[in-house]
Amino acid sequence: MINTDDLCDAQEVADLVGLRHANSVHTYLRRYAEMPRPVIDLGPGRPRLWLRPQIEAWLTLRSGIGSAARGAVK
């Protein structure tokens with residue numbers, strides 16, 4: 001079961017990721033195969049909703065990978 005309090009739209013995903021525009025989330029979906037997909041997608045021109053905990057976990061994983069990669073290069 002989905003907790004509706006955990007749902008977020010493209011604007012909130014953009015805010016979490018640090019993007020200026022909600023439209024940029026679509027670019028991230030194409031660019032990063034591991035980015036969580038919307039749990040609700042009502043089709044073209046209609047709302048998409050993600051689970052905030054999935055986005056937050058993905059961001060944590062990405063920052064961990066980035067940190068590990070930076071630490072390996074000296």
# chains A, B, ... in the order shown; residues from 1 in each chain; ligands from 1
call {"tool": "residues_around", "arguments": {"residues": "segment 10-26 of chain A", "least_positions_apart": "6", "cutoff": "8 Å", "atoms": "only C-alpha atoms", "output": "ChimeraX atom specification"}}
result
/A:48-50,52,55-56,59
call {"tool": "select_by_dssp", "arguments": {"residues": "segment 1-73 of chain A", "states": "helix (DSSP H, G or I)", "output": "VMD selection string"}}
result
chain A and resid 4 to 6 10 to 17 24 to 31 52 to 72
call {"tool": "select_by_dssp", "arguments": {"residues": "chain A", "states": "strand (DSSP E)", "output": "PyMOL selection string"}}
result
chain A and resi 7-8+40-41+48-51
call {"tool": "atom_distance", "arguments": {"atom1": "atom CA of Gly64 of chain A", "atom2": "atom CA of Thr27 of chain A"}}
result
21.7 Å
call {"tool": "atom_distance", "arguments": {"atom1": "atom CA of Leu7 of chain A", "atom2": "atom CA of Pro38 of chain A"}}
result
9.5 Å
call {"tool": "atom_distance", "arguments": {"atom1": "atom CA of Pro36 of chain A", "atom2": "atom CA of Gln54 of chain A"}}
result
6.4 Å
call {"tool": "closest_residue", "arguments": {"among": "A:Leu29, A:Met35, A:Leu51, A:Leu42", "to": "Asp9 of chain A", "atoms": "only C-alpha atoms"}}
result
A:Leu51
call {"tool": "closest_residue", "arguments": {"among": "A:Ala33, A:Thr60, A:Tyr28, A:Cys8", "to": "Pro47 of chain A", "atoms": "only C-alpha atoms"}}
result
A:Cys8
